[in-house]
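What's in work05.csv: CSV, C-alpha atoms
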chain,number,residue,atom,x,y,z
A,1075,MET,CA,42.4,8.9,-8.9
A,1076,VAL,CA,39.1,9.1,-7.2
A,1077,VAL,CA,37.2,12.4,-7.5
A,1078,MET,CA,35.2,13.1,-4.4
A,1079,PRO,CA,31.8,14.6,-5.3
A,1080,ARG,CA,30.8,17.9,-3.6
A,1081,ARG,CA,28.8,17.4,-0.4
A,1082,SER,CA,25.7,19.0,-1.8
A,1083,ASP,CA,25.8,16.5,-4.7
A,1084,SER,CA,26.3,13.6,-2.3
A,1085,LYS,CA,23.3,14.6,-0.2
A,1086,THR,CA,21.1,14.9,-3.3
A,1087,ARG,CA,22.3,11.6,-4.6
A,1088,MET,CA,21.7,9.9,-1.3
A,1089,ILE,CA,18.1,11.1,-1.1
A,1090,ALA,CA,17.5,10.0,-4.7
A,1091,ALA,CA,19.1,6.6,-4.0
A,1092,ALA,CA,17.1,6.1,-0.8
A,1093,ARG,CA,13.9,6.9,-2.7
A,1094,ARG,CA,14.6,4.3,-5.3
A,1095,LEU,CA,15.5,1.7,-2.6
A,1096,TYR,CA,12.3,2.5,-0.7
A,1097,ARG,CA,10.3,1.8,-3.9
A,1098,GLU,CA,11.9,-1.7,-4.1
A,1099,ARG,CA,12.3,-2.9,-0.6
A,1100,GLY,CA,10.6,-0.3,1.7
A,1101,TYR,CA,12.0,2.1,4.3
A,1102,VAL,CA,12.9,-0.2,7.1
A,1103,ALA,CA,15.0,-2.6,5.0
A,1104,THR,CA,17.0,0.3,3.4
A,1105,ALA,CA,20.2,0.7,5.4
A,1106,PHE,CA,22.5,3.7,5.1
A,1107,SER,CA,25.1,1.2,3.8
A,1108,ASP,CA,22.8,0.4,0.9
A,1109,VAL,CA,22.2,4.1,0.2
A,1110,LEU,CA,26.0,4.9,0.3
A,1111,GLU,CA,26.6,2.0,-2.1
A,1112,GLU,CA,23.8,3.0,-4.5
A,1113,SER,CA,24.8,6.7,-4.4
A,1114,ALA,CA,28.6,6.3,-4.3
A,1115,ALA,CA,28.5,9.0,-1.5
A,1116,PRO,CA,31.5,9.1,0.9
A,1117,ARG,CA,30.8,7.2,4.2
A,1118,GLY,CA,31.3,10.4,6.2
A,1119,SER,CA,28.2,11.9,4.4
A,1120,VAL,CA,25.8,9.9,6.6
A,1121,TYR,CA,25.9,11.8,9.9
A,1122,PHE,CA,27.1,15.0,8.2
A,1123,HIS,CA,24.0,15.3,5.9
A,1124,PHE,CA,21.6,13.3,8.1
A,1125,PRO,CA,22.4,13.9,11.8
A,1126,GLY,CA,18.9,12.8,12.6
A,1127,GLY,CA,19.8,9.4,11.1
A,1128,LYS,CA,17.5,7.1,9.2
A,1129,GLN,CA,14.3,9.0,10.1
A,1130,GLU,CA,15.8,12.3,8.7
A,1131,LEU,CA,16.7,10.5,5.4
A,1132,GLY,CA,13.1,9.2,5.3
A,1133,THR,CA,11.8,12.7,5.9
A,1134,GLU,CA,13.9,14.1,3.0
A,1135,VAL,CA,12.6,11.3,0.7
A,1136,ALA,CA,9.0,12.1,1.7
A,1137,LEU,CA,9.6,15.8,1.0
A,1138,LEU,CA,11.2,15.2,-2.4
A,1139,HIS,CA,8.5,12.7,-3.4
A,1140,ALA,CA,5.7,15.2,-2.5
A,1141,SER,CA,7.4,18.0,-4.5
A,1142,ASP,CA,7.9,15.8,-7.5
A,1143,THR,CA,4.3,14.6,-7.4
A,1144,ILE,CA,3.0,18.2,-7.2
A,1145,ALA,CA,5.2,19.1,-10.2
A,1146,GLN,CA,3.9,16.1,-12.1
A,1147,ILE,CA,0.3,17.2,-11.5
A,1148,ASN,CA,1.0,20.7,-12.6
A,1149,ARG,CA,2.7,19.5,-15.7
A,1150,SER,CA,-0.3,17.3,-16.4
A,1151,ALA,CA,-2.6,20.4,-15.9
A,1152,LEU,CA,-0.6,22.2,-18.6
A,1153,ARG,CA,-0.8,19.3,-21.0
A,1154,PHE,CA,-4.5,18.4,-20.7
A,1155,THR,CA,-7.7,20.3,-20.9
A,1156,THR,CA,-10.1,18.2,-18.8
A,1157,ALA,CA,-10.0,16.8,-15.2
A,1158,ALA,CA,-10.8,13.3,-16.7
A,1159,GLU,CA,-7.6,13.5,-18.8
A,1160,MET,CA,-5.6,14.5,-15.7
A,1161,VAL,CA,-7.0,11.6,-13.7
A,1162,GLY,CA,-6.1,9.2,-16.5
A,1163,ASP,CA,-2.6,10.6,-16.9
A,1164,PHE,CA,-1.9,10.3,-13.1
A,1165,ILE,CA,-2.9,6.7,-13.1
A,1166,ASP,CA,-1.1,6.0,-16.4
A,1167,GLN,CA,2.2,7.4,-15.1
A,1168,ALA,CA,2.1,5.0,-12.1
A,1169,LYS,CA,1.2,2.1,-14.4
A,1170,ASP,CA,4.0,3.0,-16.8
A,1171,ARG,CA,6.6,3.1,-14.0
A,1172,VAL,CA,5.6,-0.2,-12.5
A,1173,LEU,CA,5.7,-1.8,-15.9
A,1174,ALA,CA,9.1,-0.2,-16.7
A,1175,SER,CA,10.5,-1.7,-13.5
A,1176,ASP,CA,8.9,-5.1,-14.1
A,1177,PHE,CA,6.8,-4.6,-10.9
A,1178,ARG,CA,9.9,-4.1,-8.8
A,1179,GLU,CA,9.2,-0.4,-7.9
A,1180,GLY,CA,6.3,0.8,-5.9
A,1181,CYS,CA,5.6,4.2,-4.1
A,1182,PRO,CA,8.3,5.2,-1.6
A,1183,VAL,CA,5.8,7.1,0.5
A,1184,ALA,CA,3.4,4.2,0.7
A,1185,ALA,CA,6.2,2.1,2.0
A,1186,ILE,CA,7.0,4.7,4.7
A,1187,ILE,CA,3.3,4.8,5.7
A,1188,VAL,CA,2.8,1.0,5.8
A,1189,GLU,CA,5.9,0.7,7.9
A,1190,THR,CA,5.7,3.7,10.2
A,1191,ALA,CA,2.1,5.0,10.3
A,1192,SER,CA,1.6,3.5,13.7
A,1193,SER,CA,4.6,5.4,15.2
A,1194,PRO,CA,3.8,9.1,15.4
A,1195,GLY,CA,6.7,11.5,14.8
A,1196,PRO,CA,8.3,13.8,12.3
A,1197,LEU,CA,8.2,11.2,9.6
A,1198,SER,CA,4.5,10.5,9.7
A,1199,ASP,CA,3.9,14.3,10.1
A,1200,THR,CA,5.9,14.8,6.9
A,1201,THR,CA,4.1,12.1,4.9
A,1202,ARG,CA,0.7,13.4,6.1
A,1203,ARG,CA,1.5,17.0,5.1
A,1204,GLY,CA,2.9,15.8,1.8
A,1205,LEU,CA,-0.3,13.9,1.0
A,1206,GLN,CA,-2.4,16.9,2.0
A,1207,ASP,CA,-0.4,19.2,-0.3
A,1208,VAL,CA,-0.6,16.8,-3.2
A,1209,LEU,CA,-4.4,16.6,-2.7
A,1210,THR,CA,-4.8,20.3,-2.5
A,1211,VAL,CA,-2.9,21.0,-5.7
A,1212,PHE,CA,-4.6,18.1,-7.6
A,1213,ALA,CA,-8.0,19.4,-6.5
A,1214,ALA,CA,-7.2,23.0,-7.4
A,1215,ARG,CA,-6.0,22.1,-10.9
A,1216,MET,CA,-9.2,20.0,-11.5
A,1217,THR,CA,-11.4,22.8,-10.2
A,1218,GLU,CA,-9.6,25.1,-12.8
A,1219,LYS,CA,-10.7,22.5,-15.5
A,1220,GLY,CA,-14.3,23.1,-14.5
A,1221,LEU,CA,-15.0,20.6,-11.7
A,1222,PRO,CA,-17.1,21.8,-8.7
A,1223,ALA,CA,-14.6,22.3,-5.8
A,1224,GLU,CA,-16.1,19.6,-3.6
A,1225,GLU,CA,-16.1,17.1,-6.4
A,1226,ALA,CA,-12.5,18.0,-7.3
A,1227,GLU,CA,-11.5,17.2,-3.8
A,1228,SER,CA,-13.3,13.9,-3.7
A,1229,LEU,CA,-11.8,12.9,-7.1
A,1230,ALA,CA,-8.3,13.9,-6.0
A,1231,VAL,CA,-8.5,11.7,-2.9
A,1232,ALA,CA,-10.1,8.8,-5.0
A,1233,THR,CA,-7.4,9.1,-7.7
A,1234,ILE,CA,-4.4,9.1,-5.2
A,1235,ALA,CA,-5.9,6.2,-3.3
A,1236,ALA,CA,-6.8,4.3,-6.5
A,1237,MET,CA,-3.2,4.7,-7.7
A,1238,GLU,CA,-1.7,3.5,-4.4
A,1239,GLY,CA,-4.0,0.5,-4.3
A,1240,ALA,CA,-3.5,-0.4,-7.9
A,1241,LEU,CA,0.3,-0.3,-7.3
A,1242,VAL,CA,0.1,-2.7,-4.4
A,1243,VAL,CA,-2.3,-5.1,-6.0
A,1244,ALA,CA,-0.5,-4.9,-9.4
A,1245,ARG,CA,2.8,-5.7,-7.8
A,1246,GLY,CA,1.2,-8.6,-5.9
A,1247,LEU,CA,-0.4,-10.0,-9.0
A,1248,ARG,CA,2.3,-9.0,-11.5
A,1249,ASP,CA,-0.6,-7.7,-13.6
A,1250,VAL,CA,-1.6,-4.1,-14.3
A,1251,ALA,CA,-5.4,-4.9,-14.5
A,1252,PRO,CA,-6.1,-2.8,-11.3
A,1253,PHE,CA,-4.8,0.3,-13.0
A,1254,ASP,CA,-7.0,-0.2,-16.1
A,1255,VAL,CA,-10.3,-0.8,-14.3
A,1256,LEU,CA,-9.8,2.1,-11.8
A,1257,ARG,CA,-8.7,4.4,-14.6
A,1258,GLU,CA,-11.9,3.6,-16.4
A,1259,THR,CA,-14.1,4.1,-13.3
A,1260,LEU,CA,-12.5,7.4,-12.2
A,1261,THR,CA,-12.2,9.0,-15.6
A,1262,GLY,CA,-15.9,8.2,-16.0
A,1263,ARG,CA,-16.7,9.8,-12.7
A,1264,ALA,CA,-14.7,12.9,-13.7
A,1265,ARG,CA,-16.6,13.2,-17.0
A,1266,ASP,CA,-20.0,12.8,-15.2
A,1267,SER,CA,-19.0,15.5,-12.7
A,1268,LEU,CA,-18.8,18.3,-15.3
B,734,MET,CA,3.1,-22.5,38.1
B,735,VAL,CA,3.3,-21.8,34.3
B,736,VAL,CA,1.2,-23.9,32.1
B,737,MET,CA,3.0,-24.5,28.7
B,738,PRO,CA,0.5,-24.2,25.8
B,739,ARG,CA,0.4,-27.1,23.3
B,740,ARG,CA,2.6,-26.7,20.3
B,741,SER,CA,-0.3,-26.5,17.9
B,742,ASP,CA,-1.7,-23.7,20.0
B,743,SER,CA,1.7,-21.9,20.0
B,744,LYS,CA,2.1,-22.1,16.2
B,745,THR,CA,-1.4,-20.7,15.6
B,746,ARG,CA,-0.9,-18.0,18.2
B,747,MET,CA,2.5,-17.0,16.6
B,748,ILE,CA,0.9,-16.7,13.1
B,749,ALA,CA,-1.9,-14.6,14.5
B,750,ALA,CA,0.5,-12.4,16.4
B,751,ALA,CA,2.8,-12.0,13.4
B,752,ARG,CA,-0.3,-10.9,11.3
B,753,ARG,CA,-1.1,-8.3,13.8
B,754,LEU,CA,2.4,-7.0,14.0
B,755,TYR,CA,2.7,-6.9,10.1
B,756,ARG,CA,-0.5,-4.7,10.1
B,757,GLU,CA,1.2,-2.2,12.4
B,758,ARG,CA,4.9,-2.2,11.4
B,759,GLY,CA,5.2,-4.4,8.3
B,760,TYR,CA,6.9,-7.7,7.6
B,761,VAL,CA,10.6,-6.7,7.7
B,762,ALA,CA,10.5,-5.0,11.1
B,763,THR,CA,8.6,-7.9,12.7
B,764,ALA,CA,11.3,-10.0,14.5
B,765,PHE,CA,10.6,-13.5,15.9
B,766,SER,CA,11.4,-12.0,19.3
B,767,ASP,CA,8.4,-9.6,18.9
B,768,VAL,CA,6.2,-12.5,17.7
B,769,LEU,CA,7.2,-14.7,20.7
B,770,GLU,CA,6.5,-11.8,23.1
B,771,GLU,CA,3.2,-11.0,21.5
B,772,SER,CA,2.1,-14.7,21.4
B,773,ALA,CA,3.7,-15.9,24.7
B,774,ALA,CA,4.9,-18.9,22.7
B,775,PRO,CA,8.0,-20.8,24.0
B,776,ARG,CA,11.3,-19.6,22.4
B,777,GLY,CA,11.9,-23.2,21.1
B,778,SER,CA,8.7,-22.8,18.9
B,779,VAL,CA,10.5,-20.7,16.4
B,780,TYR,CA,12.6,-23.2,14.5
B,781,PHE,CA,10.3,-26.1,15.5
B,782,HIS,CA,7.3,-24.5,13.8
B,783,PHE,CA,9.1,-22.4,11.2
B,784,PRO,CA,12.2,-24.2,10.1
B,785,GLY,CA,12.2,-21.9,7.1
B,786,GLY,CA,12.5,-18.9,9.4
B,787,LYS,CA,11.0,-15.5,8.9
B,788,GLN,CA,9.9,-16.2,5.3
B,789,GLU,CA,8.0,-19.3,6.3
B,790,LEU,CA,6.2,-17.3,9.0
B,791,GLY,CA,5.4,-14.6,6.4
B,792,THR,CA,4.0,-17.3,4.1
B,793,GLU,CA,1.8,-18.7,6.9
B,794,VAL,CA,0.4,-15.2,7.5
B,795,ALA,CA,-0.3,-14.7,3.8
B,796,LEU,CA,-2.1,-18.0,3.7
B,797,LEU,CA,-4.2,-17.2,6.8
B,798,HIS,CA,-5.0,-13.7,5.6
B,799,ALA,CA,-6.2,-15.0,2.2
B,800,SER,CA,-8.4,-17.7,3.8
B,801,ASP,CA,-9.9,-15.2,6.2
B,802,THR,CA,-10.6,-12.7,3.4
B,803,ILE,CA,-12.3,-15.4,1.3
B,804,ALA,CA,-14.5,-16.4,4.3
B,805,GLN,CA,-15.3,-12.7,4.9
B,806,ILE,CA,-16.5,-12.4,1.2
B,807,ASN,CA,-18.6,-15.6,1.5
B,808,ARG,CA,-20.2,-14.3,4.7
B,809,SER,CA,-21.0,-11.1,3.0
B,810,ALA,CA,-22.5,-12.9,0.0
B,811,LEU,CA,-24.9,-14.7,2.5
B,812,ARG,CA,-25.8,-11.4,4.2
B,813,PHE,CA,-26.4,-9.3,1.1
B,814,THR,CA,-28.5,-9.6,-2.0
B,815,THR,CA,-26.7,-7.3,-4.4
B,816,ALA,CA,-23.1,-7.0,-5.7
B,817,ALA,CA,-23.2,-3.3,-4.8
B,818,GLU,CA,-23.9,-4.2,-1.1
B,819,MET,CA,-21.0,-6.7,-1.2
B,820,VAL,CA,-18.6,-4.0,-2.5
B,821,GLY,CA,-19.8,-1.5,0.1
B,822,ASP,CA,-19.5,-4.1,2.9
B,823,PHE,CA,-15.9,-5.0,1.8
B,824,ILE,CA,-14.8,-1.4,1.9
B,825,ASP,CA,-16.7,-0.7,5.2
B,826,GLN,CA,-15.0,-3.6,6.9
B,827,ALA,CA,-11.6,-2.3,6.1
B,828,LYS,CA,-12.7,1.3,7.1
B,829,ASP,CA,-14.1,0.0,10.4
B,830,ARG,CA,-10.9,-1.8,11.3
B,831,VAL,CA,-8.6,1.1,10.5
B,832,LEU,CA,-10.8,3.4,12.7
B,833,ALA,CA,-11.0,0.8,15.5
B,834,SER,CA,-7.1,0.7,15.6
B,835,ASP,CA,-6.9,4.5,15.4
B,836,PHE,CA,-5.1,4.1,12.0
B,837,ARG,CA,-2.4,1.9,13.5
B,838,GLU,CA,-3.4,-1.3,11.6
B,839,GLY,CA,-3.1,-1.8,7.8
B,840,CYS,CA,-3.2,-4.8,5.6
B,841,PRO,CA,-0.6,-7.5,6.5
B,842,VAL,CA,-0.4,-8.7,2.9
B,843,ALA,CA,0.1,-5.2,1.5
B,844,ALA,CA,3.0,-4.8,3.8
B,845,ILE,CA,4.5,-8.1,2.5
B,846,ILE,CA,4.0,-7.0,-1.1
B,847,VAL,CA,5.5,-3.5,-0.5
B,848,GLU,CA,8.5,-4.9,1.2
B,849,THR,CA,9.2,-8.1,-0.8
B,850,ALA,CA,7.5,-7.8,-4.3
B,851,SER,CA,10.9,-7.2,-5.9
B,852,SER,CA,12.4,-10.4,-4.5
B,853,PRO,CA,10.7,-13.4,-6.2
B,854,GLY,CA,10.3,-16.5,-4.1
B,855,PRO,CA,7.8,-18.6,-2.1
B,856,LEU,CA,6.6,-15.5,-0.2
B,857,SER,CA,5.6,-13.5,-3.3
B,858,ASP,CA,4.2,-16.6,-5.0
B,859,THR,CA,2.0,-17.1,-1.9
B,860,THR,CA,0.8,-13.5,-1.8
B,861,ARG,CA,0.1,-13.6,-5.6
B,862,ARG,CA,-1.9,-16.9,-5.4
B,863,GLY,CA,-3.8,-15.5,-2.3
B,864,LEU,CA,-4.8,-12.4,-4.2
B,865,GLN,CA,-5.8,-14.4,-7.2
B,866,ASP,CA,-8.0,-16.7,-5.1
B,867,VAL,CA,-9.6,-13.8,-3.3
B,868,LEU,CA,-10.4,-12.2,-6.6
B,869,THR,CA,-11.8,-15.4,-8.1
B,870,VAL,CA,-14.2,-15.9,-5.1
B,871,PHE,CA,-15.2,-12.3,-5.0
B,872,ALA,CA,-16.0,-12.2,-8.7
B,873,ALA,CA,-17.9,-15.6,-8.5
B,874,ARG,CA,-20.1,-14.3,-5.6
B,875,MET,CA,-20.9,-11.1,-7.5
B,876,THR,CA,-21.7,-13.1,-10.7
B,877,GLU,CA,-24.2,-15.1,-8.6
B,878,LYS,CA,-25.8,-11.7,-7.6
B,879,GLY,CA,-26.4,-11.1,-11.3
B,880,LEU,CA,-23.3,-9.2,-12.5
B,881,PRO,CA,-21.9,-10.2,-16.0
B,882,ALA,CA,-18.9,-12.4,-15.3
B,883,GLU,CA,-16.4,-10.0,-16.9
B,884,GLU,CA,-17.8,-7.0,-15.0
B,885,ALA,CA,-17.7,-9.0,-11.8
B,886,GLU,CA,-14.0,-9.7,-12.4
B,887,SER,CA,-13.3,-6.0,-13.1
B,888,LEU,CA,-15.3,-4.9,-10.0
B,889,ALA,CA,-13.5,-7.4,-7.8
B,890,VAL,CA,-10.0,-6.2,-8.8
B,891,ALA,CA,-11.2,-2.5,-8.5
B,892,THR,CA,-12.6,-3.1,-5.0
B,893,ILE,CA,-9.6,-4.9,-3.6
B,894,ALA,CA,-7.2,-2.3,-5.1
B,895,ALA,CA,-9.5,0.6,-3.8
B,896,MET,CA,-9.5,-1.0,-0.3
B,897,GLU,CA,-5.7,-1.3,-0.3
B,898,GLY,CA,-5.2,2.2,-1.5
B,899,ALA,CA,-7.8,3.7,0.8
B,900,LEU,CA,-6.0,2.0,3.7
B,901,VAL,CA,-2.6,3.4,2.7
B,902,VAL,CA,-3.9,7.0,2.1
B,903,ALA,CA,-6.3,6.9,5.1
B,904,ARG,CA,-3.4,5.9,7.4
B,905,GLY,CA,-1.2,8.6,5.8
B,906,LEU,CA,-3.8,11.3,6.3
B,907,ARG,CA,-5.4,9.9,9.5
B,908,ASP,CA,-8.7,10.4,7.7
B,909,VAL,CA,-11.1,7.9,6.3
B,910,ALA,CA,-12.2,10.1,3.4
B,911,PRO,CA,-10.6,7.8,0.8
B,912,PHE,CA,-12.9,4.9,1.8
B,913,ASP,CA,-16.0,7.0,1.5
B,914,VAL,CA,-15.4,8.4,-2.0
B,915,LEU,CA,-14.2,5.0,-3.4
B,916,ARG,CA,-17.1,3.3,-1.8
B,917,GLU,CA,-19.5,5.7,-3.4
B,918,THR,CA,-17.8,5.3,-6.8
B,919,LEU,CA,-17.6,1.5,-6.9
B,920,THR,CA,-21.0,0.8,-5.4
B,921,GLY,CA,-22.4,3.1,-8.2
B,922,ARG,CA,-20.5,1.2,-10.8
B,923,ALA,CA,-21.9,-2.1,-9.4
B,924,ARG,CA,-25.4,-0.8,-9.6
B,925,ASP,CA,-24.9,0.5,-13.2
B,926,SER,CA,-23.6,-3.0,-14.2
B,927,LEU,CA,-26.8,-4.8,-13.5
With the file now loaded, output its structure as C-alpha cells.
Amino acid sequence: MVVMPRRSDSKTRMIAAARRLYRERGYVATAFSDVLEESAAPRGSVYFHFPGGKQELGTEVALLHASDTIAQINRSALRFTTAAEMVGDFIDQAKDRVLASDFREGCPVAAIIVETASSPGPLSDTTRRGLQDVLTVFAARMTEKGLPAEEAESLAVATIAAMEGALVVARGLRDVAPFDVLRETLTGRARDSL
Amino acid sequence: MVVMPRRSDSKTRMIAAARRLYRERGYVATAFSDVLEESAAPRGSVYFHFPGGKQELGTEVALLHASDTIAQINRSALRFTTAAEMVGDFIDQAKDRVLASDFREGCPVAAIIVETASSPGPLSDTTRRGLQDVLTVFAARMTEKGLPAEEAESLAVATIAAMEGALVVARGLRDVAPFDVLRETLTGRARDSL
C-alpha cells in the first residue's frame, strides 16, 4: 500500500528537489514533472502548493537557498576566528560540493539569475534581496572579526562573486583551479585588511 | 519585394542572434523560432545550416564566443603594456557591456555551462576547449608582459572566473560593485607579481 506523505512534507520535498535540479540543469529546463518525480510528491501538489506555478517554485528555491547560505555563513563565523578563514571556508564549501557532484551541480540561484535576470518580476526581486541579505550578513560577521566595515562589505561581494565565477569556470573546465587561485587572492586580501 | 539574404549570411546572422539571446535568457529557453525572428533568416535555414539542431547551434555560439574573446585579449595586449592593465581592461569590458544592456545581457557561454555542464557531449566539450584556449592565450600575453608563466596562468584563471562571477552577481544585484572590487584585487595581484 502507498502511504501518501503529508502536504507540508511534499511541499518541502518539492522545493528541495527543485533546488537540486536547478543546480544540475537550471531553472528553465526543470519541469514540474521532473520535480514531482524527484520528490515523489503527489501530482495534485503542484497547483495546491504552487498556485503561482513555476515562478512561485523558483521563488521558494531562491528563499530557501538564501536562508541556507546565511546559516552557513553564521556557522562559519562560530567556527573561525578571522575573516580570512571565513572567506576561505566559504570558497572551500562550494569547491567541495562541485567535486562531490563530479562537476554536475552548480548554484541554483546563479541559474535563476542567468536565465531570468532580463525579465523583471517577483523572481528577480527575490534573488536580488536574497543576495543583498547574504552580503549584509557576511559583511557583518567579518566586521565582528575585526575588518573595517567598508572593507568587510567589499570582501563579502568579492567572495560571493568569486565563488559564483569559480563554480561556472570550474564546471566548464572540469577543474577546480579557479577556486584555489581566488581563495588564495581573497584570503590574502582579508589578512592585509586587518 | 523581399530580398532573400545569401545562406552564408543567414547562418552567420543566426549564430550572432542566438549568442545575443543566450546572453539574455540562456541556451535552453532560446528556441529556433526566436533565433529566426531575431535574425530574419528564412525558416528553411534551420536544418540546412544546423542539421544537428539546437546543440549544433549552441556549439557554433561557443566557438564564436571563444574566438571573439581571444581576439579581444590580443587587442588588449596590443593596447596595454602591463598584465595589470590587461586584467583591468578584461574586467572593464564585461562591466561596460552589462551596464550598456541595463543588466539584461550576461555571458552566453556561462549560460551554456550552467544549463548543460551536467550532460557530457559535444557542447560541453566545445565550451571546455574554448575556455582552455582563452586561458592559454590570456596567460601567454601576460607572460609576454613580464609575468612568470605560472603566475600568468593563475591570474588568467582568476580573471576569467572573477569576470563570470561578477557578471552573475552584478545582474542579480543590478549593481556593478562586484566588478570594481574584483578589478582592484586582481590588478593589485598582477602588479605584485612582477
_Using all atoms listed in the file, which protein or nucleic acid residues come within 9 Å of Met896 in chain B? Drop anything in the same chain fewer than 6 positions from it, and give the result as a ChimeraX atom specification._
/A:1235-1236,1239 /B:823-824,827-828,911-912,915-916
*asked:* Residues of chain B within 8 Å of chain A, counting all atoms listed in the file, what are they? List them as a PyMOL selection string.
replied: chain B and resi 756-759+761-762+836-839+843-844+846-851+857+860-862+864-865+887-888+890-891+893-899+901-902+904-907+910-911+914-915+918-919+922
_Which of A:Ser1119, A:Thr1261, A:Gln1129, A:Ser1267 sits closest to Asp1166 in chain A [using all atoms listed in the file]_ =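 Among A:Ser1119, A:Thr1261, A:Gln1129, A:Ser1267, it is A:Thr1261 that comes nearest to Asp1166 in chain A.
The shell of residues at most 7 Å from Ala872 in chain B, with all atoms listed in the file counted and near chain neighbours (fewer than 2 positions) removed, consists of Leu868, Thr869, Val870, Arg874, Met875, Thr876, Ala885, Glu886 and Ala889 of chain B.
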*Work out how far CA of Leu754 in chain B is from CA of Val768 in chain B, in Å to one decimal.*
7.6 Å
*Separation of CA of Ala751 in chain B and CA of Ala774 in chain B, in Å?*
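Calculated distance between CA of Ala751 in chain B and CA of Ala774 in chain B is 11.8 Å.
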*What lies within 7 Å of range 799-802 of chain B using all atoms listed in the file, ignoring chain neighbours under 4 positions off, as JSON, numbers by chain?*
{"B": [795, 806, 863, 867]}
*What gap, in Å, lies between CA of Ala1157 in chain A and CA of Asp1207 in chain A?*
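Going from CA of Ala1157 in chain A over to CA of Asp1207 in chain A, I get 17.9 Å.
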*Would you list the contacts of range 764-767 of chain B as a list in words, taking every protein, DNA or RNA residue within 12 Å and counting all atoms listed in the file, but skipping same-chain residues closer than 6 positions in sequence?*
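Near neighbours after the sequence-gap exclusion: Met747, Ile748, Ala750, Ala751, Arg752, Arg753, Leu754, Tyr755, Arg758, Ala773, Ala774, Pro775, Arg776, Gly777, Ser778, Val779, Tyr780, His782, Phe783, Gly786, Lys787, Gln788, Glu789, Leu790 and Gly791 of chain B.
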Complete range 867-879 of chain B at the level of N, CA, C and O atoms, written as a PDB file, in the coordinates of the input.
ATOM      1  N   VAL B 867      -8.671 -14.744  -3.828  1.00  0.00           N
ATOM      2  CA  VAL B 867      -9.600 -13.800  -3.300  1.00  0.00           C
ATOM      3  C   VAL B 867     -10.436 -13.156  -4.435  1.00  0.00           C
ATOM      4  O   VAL B 867     -11.669 -13.058  -4.378  1.00  0.00           O
ATOM      5  N   LEU B 868      -9.738 -12.786  -5.501  1.00  0.00           N
ATOM      6  CA  LEU B 868     -10.400 -12.200  -6.600  1.00  0.00           C
ATOM      7  C   LEU B 868     -11.369 -13.128  -7.324  1.00  0.00           C
ATOM      8  O   LEU B 868     -12.486 -12.745  -7.693  1.00  0.00           O
ATOM      9  N   THR B 869     -10.970 -14.389  -7.451  1.00  0.00           N
ATOM     10  CA  THR B 869     -11.800 -15.400  -8.100  1.00  0.00           C
ATOM     11  C   THR B 869     -13.113 -15.578  -7.299  1.00  0.00           C
ATOM     12  O   THR B 869     -14.220 -15.593  -7.865  1.00  0.00           O
ATOM     13  N   VAL B 870     -12.982 -15.696  -5.965  1.00  0.00           N
ATOM     14  CA  VAL B 870     -14.200 -15.900  -5.100  1.00  0.00           C
ATOM     15  C   VAL B 870     -15.060 -14.677  -5.113  1.00  0.00           C
ATOM     16  O   VAL B 870     -16.279 -14.778  -5.270  1.00  0.00           O
ATOM     17  N   PHE B 871     -14.449 -13.499  -4.998  1.00  0.00           N
ATOM     18  CA  PHE B 871     -15.200 -12.300  -5.000  1.00  0.00           C
ATOM     19  C   PHE B 871     -16.015 -12.116  -6.280  1.00  0.00           C
ATOM     20  O   PHE B 871     -17.228 -11.845  -6.281  1.00  0.00           O
ATOM     21  N   ALA B 872     -15.349 -12.367  -7.404  1.00  0.00           N
ATOM     22  CA  ALA B 872     -16.000 -12.200  -8.700  1.00  0.00           C
ATOM     23  C   ALA B 872     -17.134 -13.293  -8.838  1.00  0.00           C
ATOM     24  O   ALA B 872     -18.229 -12.979  -9.320  1.00  0.00           O
ATOM     25  N   ALA B 873     -16.883 -14.521  -8.357  1.00  0.00           N
ATOM     26  CA  ALA B 873     -17.900 -15.600  -8.500  1.00  0.00           C
ATOM     27  C   ALA B 873     -19.150 -15.194  -7.671  1.00  0.00           C
ATOM     28  O   ALA B 873     -20.283 -15.321  -8.166  1.00  0.00           O
ATOM     29  N   ARG B 874     -18.956 -14.682  -6.442  1.00  0.00           N
ATOM     30  CA  ARG B 874     -20.100 -14.300  -5.600  1.00  0.00           C
ATOM     31  C   ARG B 874     -20.899 -13.180  -6.262  1.00  0.00           C
ATOM     32  O   ARG B 874     -22.130 -13.131  -6.202  1.00  0.00           O
ATOM     33  N   MET B 875     -20.178 -12.230  -6.898  1.00  0.00           N
ATOM     34  CA  MET B 875     -20.900 -11.100  -7.500  1.00  0.00           C
ATOM     35  C   MET B 875     -21.576 -11.523  -8.807  1.00  0.00           C
ATOM     36  O   MET B 875     -22.619 -10.980  -9.157  1.00  0.00           O
ATOM     37  N   THR B 876     -21.012 -12.521  -9.490  1.00  0.00           N
ATOM     38  CA  THR B 876     -21.700 -13.100 -10.700  1.00  0.00           C
ATOM     39  C   THR B 876     -23.004 -13.729 -10.240  1.00  0.00           C
ATOM     40  O   THR B 876     -24.048 -13.543 -10.875  1.00  0.00           O
ATOM     41  N   GLU B 877     -22.958 -14.437  -9.105  1.00  0.00           N
ATOM     42  CA  GLU B 877     -24.200 -15.100  -8.600  1.00  0.00           C
ATOM     43  C   GLU B 877     -25.242 -14.028  -8.219  1.00  0.00           C
ATOM     44  O   GLU B 877     -26.441 -14.322  -8.217  1.00  0.00           O
ATOM     45  N   LYS B 878     -24.800 -12.803  -7.927  1.00  0.00           N
ATOM     46  CA  LYS B 878     -25.800 -11.700  -7.600  1.00  0.00           C
ATOM     47  C   LYS B 878     -26.280 -11.059  -8.885  1.00  0.00           C
ATOM     48  O   LYS B 878     -26.969 -10.043  -8.818  1.00  0.00           O
ATOM     49  N   GLY B 879     -25.857 -11.566 -10.050  1.00  0.00           N
ATOM     50  CA  GLY B 879     -26.400 -11.100 -11.300  1.00  0.00           C
ATOM     51  C   GLY B 879     -25.504 -10.206 -12.150  1.00  0.00           C
ATOM     52  O   GLY B 879     -25.902  -9.728 -13.224  1.00  0.00           O
TER      53      GLY B 879
END
